[in-house]
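**Student:** The structure under discussion is supplied below as structure tokens; questions concerning it will follow.
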Amino acid sequence: MYETKYHKAASVQDAVAALSGASEGAVLAGGQTLLPTMKQHLASPSDLVDVRGIAGMQGVTVGDGTITIGAATRHADVAGNADVKAHIPGLAALAGGIGDPAVRSMGTIGGSVANNDPAADYPAAVLGLGATVVTDRREIAADDFFEGMFSTALDDGEIITAIRFPVPTRAAYAKFPNPASRYAMVGVFVAETGGNVRVAVTGAGEDGVFRHDGMESALASDFSVASAAGATTSQEGVLNDMHASAAYRAHLVNVMAERAVSKAG
Amino acid sequence: MNNVKMTVNGKAVSRDVPDTTLLSEFLREDLRLTGTHVGCDTSQCGACVVHVDGRAVKSCTTLAASLDGADVTTIEGIANGGDLHPMQAAFNTHHGLQCGFCTPGMIMSGIDMVNRFQADGKDLTEEAIREELEGNICRCTGYHNIVKAIEDAAGTMADMAKAAE
């Protein structure tokens, strides 16, 4: 990798200051995407600001109808957390299915959400549950956060400190992993919260994670596997690449939605 | 440069490392612990898996500079003197290797999964082992014996844990 300067931030303010003082700074939140990207010379940040040592960015807090996860909480810790398992089991299961065990013991929720990889799992949960992205300076609704492939509403130097999830009535995630990379070829998160149904799809969209309006309406009138199967998924804007055609991915969206609805119960 | 102090296989080490040094490079080139292998160097193959603070991680995807104060265990640190760790012994018994290149990572991942499943009181079934080995690739495709070895070692490690209580 190209030269970079490593900083270990002791606090959020410390991290923000280090980023603003860098010519091209990047947050090191787990490094499971960033470091391989740097090794391939596809990224060359002048400075790396490690946020994993910041105490306030770790762990899970239960609020009134909410679960808040610190941005530097690792996938394995979300997957194994008793409160997440009790209140949003679909989210714990999603975290337990990211990458492989070694990746899950380093990668963090904030890193995944900030990167907004079009085939990552967490963006589907954040958008599907209608979560709130909390940063060092504001709160951003999931619907306003994801702005396209690897693109988010975050400003330069803005750091995600936590993600706040509303506790749903029922929710689940199903993915068809790419057999080589384990990233989602298609992943669908379905959630019913206070009578409102949301469906978020990852892995399939040319612009990254998206909500499936047709599927949401179908499930809102009848939350059943048959409704998920019957909803129409357009091939417009669906990824078409060496891994799968748009037609195959569009078909998988319905199949994954059926499985997610079945798991959500 | 960053001064990094770590405990590696029970011994305190202190070195000045460049900001870009990977843990795999630090172990192999600075400490000459060449049992940790670098297979793909792209986070896919798992030959470089070591334990950091009790968790299996890919040392090729971790910066040494970020591990000041960490406790690191490599394949060189698991045997008790001349006595192999039960996971090593089981790989030997079941011939859980062909060329042997992936073996250090397989063994470190195997120990990690047994520890986690035992801590959670969960049964480490053959199916679970195959799922857990998702991040470790054996290009000789010797998975059957690797799975058998981990299953056997899980039993031995459970017996040892009970005996120690």
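Following the order of the structure tokens, first chain is A, next is B, and so on, with residues numbered from 1 inside each chain and ligands from 1 in the order they appear.
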Any idea which chain A residues end up within 6 Å of chain B if we count only C-alpha atoms, as a PDB file with all heavy atoms, in the first residue's frame please?
**Tutor:**
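Final file, result24.pdb:
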ATOM      1  N   LYS A   5      -0.513   7.814   7.199  1.00  0.00           N
ATOM      2  CA  LYS A   5      -0.180   8.116   8.596  1.00  0.00           C
ATOM      3  C   LYS A   5      -1.291   7.564   9.471  1.00  0.00           C
ATOM      4  O   LYS A   5      -2.456   7.892   9.283  1.00  0.00           O
ATOM      5  CB  LYS A   5      -0.051   9.639   8.759  1.00  0.00           C
ATOM      6  CG  LYS A   5       0.168  10.108  10.188  1.00  0.00           C
ATOM      7  CD  LYS A   5       1.640  10.000  10.619  1.00  0.00           C
ATOM      8  CE  LYS A   5       1.787  10.112  12.141  1.00  0.00           C
ATOM      9  NZ  LYS A   5       2.130   8.830  12.798  1.00  0.00           N
ATOM     10  N   TYR A   6      -0.913   6.706  10.411  1.00  0.00           N
ATOM     11  CA  TYR A   6      -1.891   6.078  11.307  1.00  0.00           C
ATOM     12  C   TYR A   6      -2.121   6.926  12.562  1.00  0.00           C
ATOM     13  O   TYR A   6      -1.166   7.369  13.191  1.00  0.00           O
ATOM     14  CB  TYR A   6      -1.381   4.678  11.706  1.00  0.00           C
ATOM     15  CG  TYR A   6      -2.236   3.997  12.746  1.00  0.00           C
ATOM     16  CD1 TYR A   6      -3.369   3.291  12.376  1.00  0.00           C
ATOM     17  CD2 TYR A   6      -1.919   4.085  14.103  1.00  0.00           C
ATOM     18  CE1 TYR A   6      -4.167   2.680  13.327  1.00  0.00           C
ATOM     19  CE2 TYR A   6      -2.713   3.477  15.064  1.00  0.00           C
ATOM     20  CZ  TYR A   6      -3.830   2.770  14.663  1.00  0.00           C
ATOM     21  OH  TYR A   6      -4.623   2.179  15.609  1.00  0.00           O
ATOM     22  N   PRO A  36      -7.731  -4.062   2.313  1.00  0.00           N
ATOM     23  CA  PRO A  36      -7.536  -4.722   1.013  1.00  0.00           C
ATOM     24  C   PRO A  36      -7.582  -3.733  -0.158  1.00  0.00           C
ATOM     25  O   PRO A  36      -6.820  -3.869  -1.122  1.00  0.00           O
ATOM     26  CB  PRO A  36      -8.710  -5.706   0.927  1.00  0.00           C
ATOM     27  CG  PRO A  36      -9.076  -5.988   2.353  1.00  0.00           C
ATOM     28  CD  PRO A  36      -8.808  -4.696   3.086  1.00  0.00           C
ATOM     29  N   ASP A 100     -16.905 -13.946   6.874  1.00  0.00           N
ATOM     30  CA  ASP A 100     -16.551 -15.189   7.556  1.00  0.00           C
ATOM     31  C   ASP A 100     -16.183 -14.840   9.000  1.00  0.00           C
ATOM     32  O   ASP A 100     -16.128 -13.662   9.350  1.00  0.00           O
ATOM     33  CB  ASP A 100     -15.399 -15.884   6.812  1.00  0.00           C
ATOM     34  CG  ASP A 100     -14.147 -15.024   6.736  1.00  0.00           C
ATOM     35  OD1 ASP A 100     -13.691 -14.534   7.790  1.00  0.00           O
ATOM     36  OD2 ASP A 100     -13.606 -14.836   5.635  1.00  0.00           O
ATOM     37  N   ALA A 102     -13.492 -14.637  10.817  1.00  0.00           N
ATOM     38  CA  ALA A 102     -12.369 -13.723  11.071  1.00  0.00           C
ATOM     39  C   ALA A 102     -12.723 -12.291  10.658  1.00  0.00           C
ATOM     40  O   ALA A 102     -12.329 -11.330  11.332  1.00  0.00           O
ATOM     41  CB  ALA A 102     -11.120 -14.195  10.332  1.00  0.00           C
TER      42      ALA A 102
END
**Student:** So which bits of stretch 23-195 of chain A end up strand (DSSP E or B) when you DSSP the backbone, as a PDB file with C-alpha atoms, in the first residue's frame?
**Tutor:**
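Produced file selection.pdb, reproduced below:
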ATOM      1  CA  GLY A  25      -8.190  11.219   5.607  1.00  0.00           C
ATOM      2  CA  ALA A  26     -10.103   7.983   6.015  1.00  0.00           C
ATOM      3  CA  VAL A  27     -11.702   6.387   9.043  1.00  0.00           C
ATOM      4  CA  LEU A  28     -10.260   2.976   9.927  1.00  0.00           C
ATOM      5  CA  ASP A  47      -4.136   9.529   6.996  1.00  0.00           C
ATOM      6  CA  LEU A  48      -5.969   6.689   8.694  1.00  0.00           C
ATOM      7  CA  VAL A  49      -7.966   7.573  11.778  1.00  0.00           C
ATOM      8  CA  ASP A  50      -8.655   4.485  13.890  1.00  0.00           C
ATOM      9  CA  VAL A  60     -25.366  -1.974  22.388  1.00  0.00           C
ATOM     10  CA  THR A  61     -27.827   0.204  24.320  1.00  0.00           C
ATOM     11  CA  VAL A  62     -31.509  -0.548  24.759  1.00  0.00           C
ATOM     12  CA  THR A  66     -34.982   1.299  20.142  1.00  0.00           C
ATOM     13  CA  ILE A  67     -31.669  -0.531  19.981  1.00  0.00           C
ATOM     14  CA  THR A  68     -28.611   1.669  19.505  1.00  0.00           C
ATOM     15  CA  ILE A  69     -25.392   0.083  18.311  1.00  0.00           C
ATOM     16  CA  GLY A  70     -22.090   1.948  18.616  1.00  0.00           C
ATOM     17  CA  ARG A  74     -17.902  -5.564  15.569  1.00  0.00           C
ATOM     18  CA  THR A 108     -17.726  -2.981  12.341  1.00  0.00           C
ATOM     19  CA  THR A 132     -31.246   6.508  12.110  1.00  0.00           C
ATOM     20  CA  VAL A 133     -27.566   7.098  11.397  1.00  0.00           C
ATOM     21  CA  VAL A 134     -26.049   9.139  14.229  1.00  0.00           C
ATOM     22  CA  THR A 135     -22.893  11.096  13.398  1.00  0.00           C
ATOM     23  CA  GLU A 139     -28.791  12.427  12.823  1.00  0.00           C
ATOM     24  CA  ILE A 140     -29.629  11.165   9.339  1.00  0.00           C
ATOM     25  CA  ALA A 141     -32.692   9.044   8.490  1.00  0.00           C
ATOM     26  CA  PHE A 146     -27.761   5.968   1.076  1.00  0.00           C
ATOM     27  CA  GLU A 147     -27.090   7.974  -2.073  1.00  0.00           C
ATOM     28  CA  GLY A 148     -25.829   5.360  -4.524  1.00  0.00           C
ATOM     29  CA  SER A 151     -21.970   6.982  -1.770  1.00  0.00           C
ATOM     30  CA  THR A 152     -23.706   8.349   1.325  1.00  0.00           C
ATOM     31  CA  ILE A 160     -20.807   7.778  12.156  1.00  0.00           C
ATOM     32  CA  THR A 161     -20.896   7.278  15.923  1.00  0.00           C
ATOM     33  CA  ALA A 162     -23.912   4.967  16.229  1.00  0.00           C
ATOM     34  CA  ILE A 163     -26.881   3.458  14.418  1.00  0.00           C
ATOM     35  CA  ARG A 164     -30.280   3.605  16.161  1.00  0.00           C
ATOM     36  CA  PHE A 165     -32.779   0.928  15.132  1.00  0.00           C
ATOM     37  CA  PRO A 166     -36.487   0.997  15.976  1.00  0.00           C
ATOM     38  CA  ARG A 170     -41.177  -8.687  13.091  1.00  0.00           C
ATOM     39  CA  ALA A 171     -38.203  -8.591  10.757  1.00  0.00           C
ATOM     40  CA  ALA A 172     -35.823 -10.917   8.957  1.00  0.00           C
ATOM     41  CA  TYR A 173     -33.124 -10.984   6.316  1.00  0.00           C
ATOM     42  CA  ALA A 174     -32.384 -13.573   3.658  1.00  0.00           C
ATOM     43  CA  LYS A 175     -29.482 -13.491   1.268  1.00  0.00           C
ATOM     44  CA  PHE A 176     -28.154 -15.483  -1.611  1.00  0.00           C
ATOM     45  CA  PRO A 177     -24.407 -15.161  -1.105  1.00  0.00           C
ATOM     46  CA  ALA A 184     -24.903 -10.737  -1.238  1.00  0.00           C
ATOM     47  CA  MET A 185     -25.760 -11.523  -4.847  1.00  0.00           C
ATOM     48  CA  VAL A 186     -29.156 -10.477  -3.551  1.00  0.00           C
ATOM     49  CA  GLY A 187     -30.177  -9.830   0.042  1.00  0.00           C
ATOM     50  CA  VAL A 188     -33.652  -8.788   1.172  1.00  0.00           C
ATOM     51  CA  PHE A 189     -34.542  -7.340   4.567  1.00  0.00           C
ATOM     52  CA  VAL A 190     -38.238  -7.226   5.449  1.00  0.00           C
ATOM     53  CA  ALA A 191     -39.566  -5.451   8.527  1.00  0.00           C
ATOM     54  CA  GLU A 192     -42.963  -4.655   9.956  1.00  0.00           C
ATOM     55  CA  THR A 193     -42.862  -1.879  12.504  1.00  0.00           C
TER      56      THR A 193
END
**Student:** Select from stretch 27-129 of chain B every residue with an atom at most 6 Å from any atom of stretch 143-164 of chain B, then for each give the shortest pair of atoms and their distance in Å to one decimal, using only C-alpha atoms, rows by chain and rising number, as JSON lines.
**Tutor:**
{"residue": "B:Pro86", "atom": "CA", "partner": "B:Ala153", "partner_atom": "CA", "distance": 5.6}
{"residue": "B:Met87", "atom": "CA", "partner": "B:Ala153", "partner_atom": "CA", "distance": 5.1}
{"residue": "B:Ala90", "atom": "CA", "partner": "B:Ala149", "partner_atom": "CA", "distance": 4.9}
{"residue": "B:Phe91", "atom": "CA", "partner": "B:Ala149", "partner_atom": "CA", "distance": 5.1}
{"residue": "B:His94", "atom": "CA", "partner": "B:Ala149", "partner_atom": "CA", "distance": 5.6}
{"residue": "B:Gly96", "atom": "CA", "partner": "B:Ile146", "partner_atom": "CA", "distance": 4.3}
{"residue": "B:Gly110", "atom": "CA", "partner": "B:Ile150", "partner_atom": "CA", "distance": 5.9}
{"residue": "B:Val114", "atom": "CA", "partner": "B:Ala154", "partner_atom": "CA", "distance": 5.7}
**Student:** Which residues come within 7 Å of stretch 224-230 of chain A, counting only C-alpha atoms, excluding same-chain residues fewer than 6 positions away, as a count of residues only?
**Tutor:** 8
**Student:** Quick one: of B:Arg130, B:Arg116, B:His37, B:Ile137, who's nearest to A:Asp77, counting only C-alpha atoms?
**Tutor:**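 With only C-alpha atoms as the atom set, the closest residue is B:Arg116.
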**Student:** Quick one: pick out all helix (DSSP H, G or I) residues within stretch 98-178 of chain A from a backbone DSSP run and write them as a PyMOL selection string.
**Tutor:** chain A and resi 101-104+109-115+122-128+142-145
**Student:** Using only C-alpha atoms, which of the listed residues (B:Asp53, B:Pro104, B:Leu33, B:Asn9) sits closest to B:Asn80?
**Tutor:**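 Selected residue with least distance to B:Asn80: B:Asn9.
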**Student:** List the neighbours of B:Ile107 out to 7 Å using only C-alpha atoms; skip same-chain residues closer than 4 positions along the sequence, and give me the result as number ranges by chain.
**Tutor:** B: 87-88, 103, 111
**Student:** Which value, in Å to one decimal, gives the distance between atom CA of B:Leu31 and atom CA of B:Ser14?
**Tutor:**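 So the two atoms, atom CA of B:Leu31 and atom CA of B:Ser14, lie 10.3 Å apart.
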**Student:** Taking only C-alpha atoms into account, which of B:Cys138, B:Thr36, B:Cys45, B:Gln98 comes nearest B:Val72?
**Tutor:**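 So, comparing all the options, the nearest one is B:Thr36.
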**Student:** So how far away is atom CA of B:Asn115 from atom CA of B:Gly54, in Å?
**Tutor:**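 According to the coordinates, atom CA of B:Gly54 and atom CA of B:Asn115 are separated by 9.2 Å.
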**Student:** Return the single residue from B:Gly77, B:Gly100, B:Gly69, B:Gly105 that is closest to B:Val38, with distances computed using only C-alpha atoms.
**Tutor:** B:Gly105
**Student:** Can you pull out the residues contacting A:Ser11? Cut-off 8 Å, using only C-alpha atoms, and skip same-chain residues under 6 positions away; I want them as number ranges by chain.
**Tutor:** A: 51, 53-56
